[in-house]
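Report on the structure given below.
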Amino acid sequence: MISPEWDVIVIGAGPAGALAAHQLARQQLRVLLVEKRTFPRWKVCGTCLNGVALGALAQVGLSDLVEGLGGVPLVRLRLGLQQHQLELERPLGRSLSRGCLDLALCEAAEAAGTVVRMDTEATVAGPCPGGRQVHLRSGGAPVTTSARVVLVATGLGSPGLTPAIPIRSQVQAHSRVGAGCRVEAQASGYAPGTIHMAIGRHGYVGLVRTEAGDLNLAAAFERGHLIAAGGAALAAAGVLAEAGFEPLPEAAAAAWLATPALTGRQWPPASERLLLLGDAAGYVEPFTGEGMGWALLGALAVVPLVLQGQGQWSRELERQWVRRHGQLIGSRQRLCHGLAFALRRPGLSHWLLAAVERWPVLAAPFLHPSAGTSLYPPVPEPCP
């Protein structure tokens with residue numbers, strides 16, 4: 001049997017891919033981490049790390065990473081709907097820009113022994129003896145390499161698989177699309193330490209201060225409304241006005257980025273010597289701000305399966321990943337599905353906000369995602 005060049009190739013250096021690479025390199029595996037962009041880079045994201053995300057980092061010895069980078073403590077959630085506003089206390093979280101977080105996680109993976117290749121496109125190809133092939137391109141002619149196990153953590157959109165791989169994209173009908181920007185605004189209505197959520201008839205806008213003091217905007221809009229409004233900046237301005245939030249004229253001149261449909265999945269999220277994790281495996285409109293928590297939990301959960309897959313591969317490993325992925329985040333994604341359903345209906349949204357204002361305990365399932373559950377998968381001790 002021809003020995004693969006790598007034990008693991010991880011495609012995508014966001015939080016899921018970088019943390020998985022970090023953990024696998026600590027097991028003395030030969031790990032290649034491939035990213036199509038050059039870091040640091042900005043991307044559409046709420047930038048919020050909740051207790052689940054911070055706990056996952058703490059479990060692998062990276063508890064000081066976010067605080068050391070100046071992550072802003074988050075202690076409140078401010079909701080705005082139909083000119084009515086409500087503030088809720090929330091468990092301590094942190095706000096940290098993705099440019100800063102992703103670069104730090106990549107550097108941690110590299111320090112653990114991962115080989116990192118930026119500005120490199122990767123396409124997952126067919127199986128080979130004892131592994132799976134990956135085509136890499138970085139400016140010149142493509143180069144083919146292979147690994148015993150390939151992890152795809154490329155985020156929303158195309159996972160970079162050849163058509164022969166039996167994994168298919170499934171996008172939910174009427175899924176909203178994401179959009180975001182960052183602005184240097186001194187608007188007094190958006191203080192640090194608070195997640196500001198403006199809810200409108202056709203979408204919502206989340207706003208939070210990052211470690212640099214700027215204001216990060218991450219929104220979800222109905223695709224048709226986004227077009228009818230004349231773009232993301234105007235759609236966001238409309239939502240802020242509906243919620244009774246302070247206007248942000250700086251956002252009109254900002255560089256907005258958009259995302260593919262927010263709710264969908266790749267199914268199944270596994271094939272021979274190939275596992276998908278993070279947003280690449282499946283994503284739900286994340287009003288509750290749990291996206292990075294899901295990504296980091298998935299990175300920890302996949303490690304034991306990758307270690308098993310270094311030897312003989314079996315379909316049972318694929319089935320285990322489907323089950324494990326569902327156990328970790330499936331129930332939370334169903335909860336987000338339900339909340340997204342309610343937010344699309346103004347009458348129901350208004351009733352829910354009034355109910356939470358009267359009985360704040362009703363918000364606990366959304367503000368305390370780990371309550372009553374054991375979310376953290378066991379993490380293997382690093383090899384000496």
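Every chain in the structure tokens has a letter given in the order shown (A, B, ...), and although residue numbers restart at 1 in each chain, ligands are simply numbered from 1 in the order shown.
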
Could you pull the residues within 6 Å of Ala270 of chain A, counting only C-alpha atoms, minus those fewer than 4 positions along the same chain, as a list in words?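 Counting only C-alpha atoms, the residues come to Leu274, Leu275 and Glu318 of chain A.
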
Can you pull out every residue from segment 113-278 of chain A that DSSP, working from the backbone, puts in strand (DSSP E), and format the result as number ranges by chain? A: 115-117, 121-128, 131-137, 143-152, 168-171, 177-183, 194-200, 203-209, 215-221, 257-261, 264-267, 270-271, 274-276

Hey, what's within 8 Å of segment 36-53 of chain A if we count only C-alpha atoms and toss same-chain stuff fewer than 2 positions away? As a PyMOL selection string, please? chain A and resi 12+34+55-57+91-100+102-103+118-122+178-181+206-208+210+216-218+257-259+289-290+292-294+296-297+369-370+375

Per residue of segment 31-98 of chain A within 9 Å of segment 242-246 of chain A, note the shortest atom pair and the distance in Å to one decimal, counting only C-alpha atoms, and order the rows by chain and increasing residue number, as a tab-separated table.
residue	atom	partner	partner_atom	distance
A:Leu79	CA	A:Ala243	CA	8.3
A:Gly80	CA	A:Ala243	CA	4.6
A:Leu81	CA	A:Ala243	CA	4.5
A:Gln82	CA	A:Ala243	CA	5.1
A:Gln83	CA	A:Gly244	CA	4.4
A:His84	CA	A:Ala243	CA	6.7
A:Gln85	CA	A:Ala243	CA	7.5

Restricting it to C-alpha atoms, dump the selection as an mmCIF file, in the first residue's frame.
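Once written, selection_31.cif looks like this:
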data_model
loop_
_atom_site.group_PDB
_atom_site.id
_atom_site.type_symbol
_atom_site.label_atom_id
_atom_site.label_comp_id
_atom_site.auth_asym_id
_atom_site.auth_seq_id
_atom_site.Cartn_x
_atom_site.Cartn_y
_atom_site.Cartn_z
ATOM 1 C CA LEU A 79 -33.710 43.052 21.753
ATOM 2 C CA GLY A 80 -35.680 45.506 19.638
ATOM 3 C CA LEU A 81 -38.954 44.732 17.867
ATOM 4 C CA GLN A 82 -41.683 47.046 16.564
ATOM 5 C CA GLN A 83 -40.244 50.047 18.450
ATOM 6 C CA HIS A 84 -40.252 48.067 21.707
ATOM 7 C CA GLN A 85 -36.955 47.202 23.400
#

If we count only C-alpha atoms and set the cut-off at 7 Å, which residues sit around Ala280 of chain A, ignoring sequence neighbours fewer than 6 positions away in its own chain? Please answer as a list in words.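 Near neighbours after the sequence-gap exclusion: Val152, Ala153, Thr154, Gly155, Leu156, Pro159 and Gln266 of chain A.
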
Which is closer to Gly291 of chain A than all the others in A:Gly224, A:Gly278, A:Pro166, A:Pro360, using only C-alpha atoms? A:Gly278

Just the residues within 9 Å of segment 67-69 of chain A, please, counting only C-alpha atoms, with nothing from its chain fewer than 2 positions along; format it as an mmCIF file with N, CA and C atoms, in the first residue's frame.
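The resulting file, part-v4.cif, is shown below:
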data_model
loop_
_atom_site.group_PDB
_atom_site.id
_atom_site.type_symbol
_atom_site.label_atom_id
_atom_site.label_comp_id
_atom_site.auth_asym_id
_atom_site.auth_seq_id
_atom_site.Cartn_x
_atom_site.Cartn_y
_atom_site.Cartn_z
ATOM 1 N N SER A 63 -7.667 28.580 27.017
ATOM 2 C CA SER A 63 -8.617 29.434 27.740
ATOM 3 C C SER A 63 -8.187 30.898 27.760
ATOM 4 N N ASP A 64 -6.882 31.165 27.687
ATOM 5 C CA ASP A 64 -6.403 32.553 27.761
ATOM 6 C C ASP A 64 -6.339 33.226 26.396
ATOM 7 N N LEU A 65 -6.602 32.483 25.331
ATOM 8 C CA LEU A 65 -6.411 33.031 23.996
ATOM 9 C C LEU A 65 -7.320 34.236 23.729
ATOM 10 N N GLY A 71 -10.587 40.224 23.828
ATOM 11 C CA GLY A 71 -11.997 39.936 23.627
ATOM 12 C C GLY A 71 -12.872 40.706 24.604
ATOM 13 N N VAL A 72 -13.898 41.353 24.093
ATOM 14 C CA VAL A 72 -14.753 42.225 24.907
ATOM 15 C C VAL A 72 -15.770 41.382 25.667
ATOM 16 N N PRO A 73 -15.835 41.490 26.996
ATOM 17 C CA PRO A 73 -16.842 40.736 27.749
ATOM 18 C C PRO A 73 -18.264 41.132 27.322
ATOM 19 N N ARG A 94 -17.780 36.568 25.016
ATOM 20 C CA ARG A 94 -16.761 37.508 24.535
ATOM 21 C C ARG A 94 -17.028 37.849 23.082
ATOM 22 N N LEU A 96 -14.951 38.954 19.759
ATOM 23 C CA LEU A 96 -13.598 39.031 19.188
ATOM 24 C C LEU A 96 -13.720 38.926 17.679
ATOM 25 N N CYS A 100 -8.970 38.432 13.971
ATOM 26 C CA CYS A 100 -8.064 38.221 15.087
ATOM 27 C C CYS A 100 -8.138 36.781 15.597
ATOM 28 N N LEU A 101 -9.351 36.258 15.793
ATOM 29 C CA LEU A 101 -9.521 34.907 16.333
ATOM 30 C C LEU A 101 -8.962 33.846 15.391
ATOM 31 N N ALA A 104 -5.200 33.718 15.258
ATOM 32 C CA ALA A 104 -4.622 33.180 16.485
ATOM 33 C C ALA A 104 -4.756 31.667 16.554
ATOM 34 N N GLU A 211 -12.930 44.044 19.862
ATOM 35 C CA GLU A 211 -11.751 44.463 20.617
ATOM 36 C C GLU A 211 -11.137 45.745 20.076
#

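Take the candidates A:Ala233, A:Leu151, A:Ser188, A:Leu161 and check each one against Glu250 of chain A using only C-alpha atoms; the shortest distance goes to A:Ala233.
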
Mind checking which residues fall within 12 Å of Ser169 of chain A, counting only C-alpha atoms, ignoring those fewer than 3 positions away in the same chain, and posting them as a ChimeraX atom specification? /A:156-161,163,165-166,172,261,263-269,280-283

Would you please work out which residue, of A:Pro247, A:Pro384, A:Pro304, A:Gly311, is nearest to Ala20 of chain A when using only C-alpha atoms?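 Between A:Pro247, A:Pro384, A:Pro304, A:Gly311, the residue approaching Ala20 of chain A most closely is A:Pro304.
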
With only C-alpha atoms as the atoms that count, which of A:Leu62, A:Leu105, A:Ile9, A:Val177 lies nearest to His135 of chain A?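 Closest candidate: A:Ile9.
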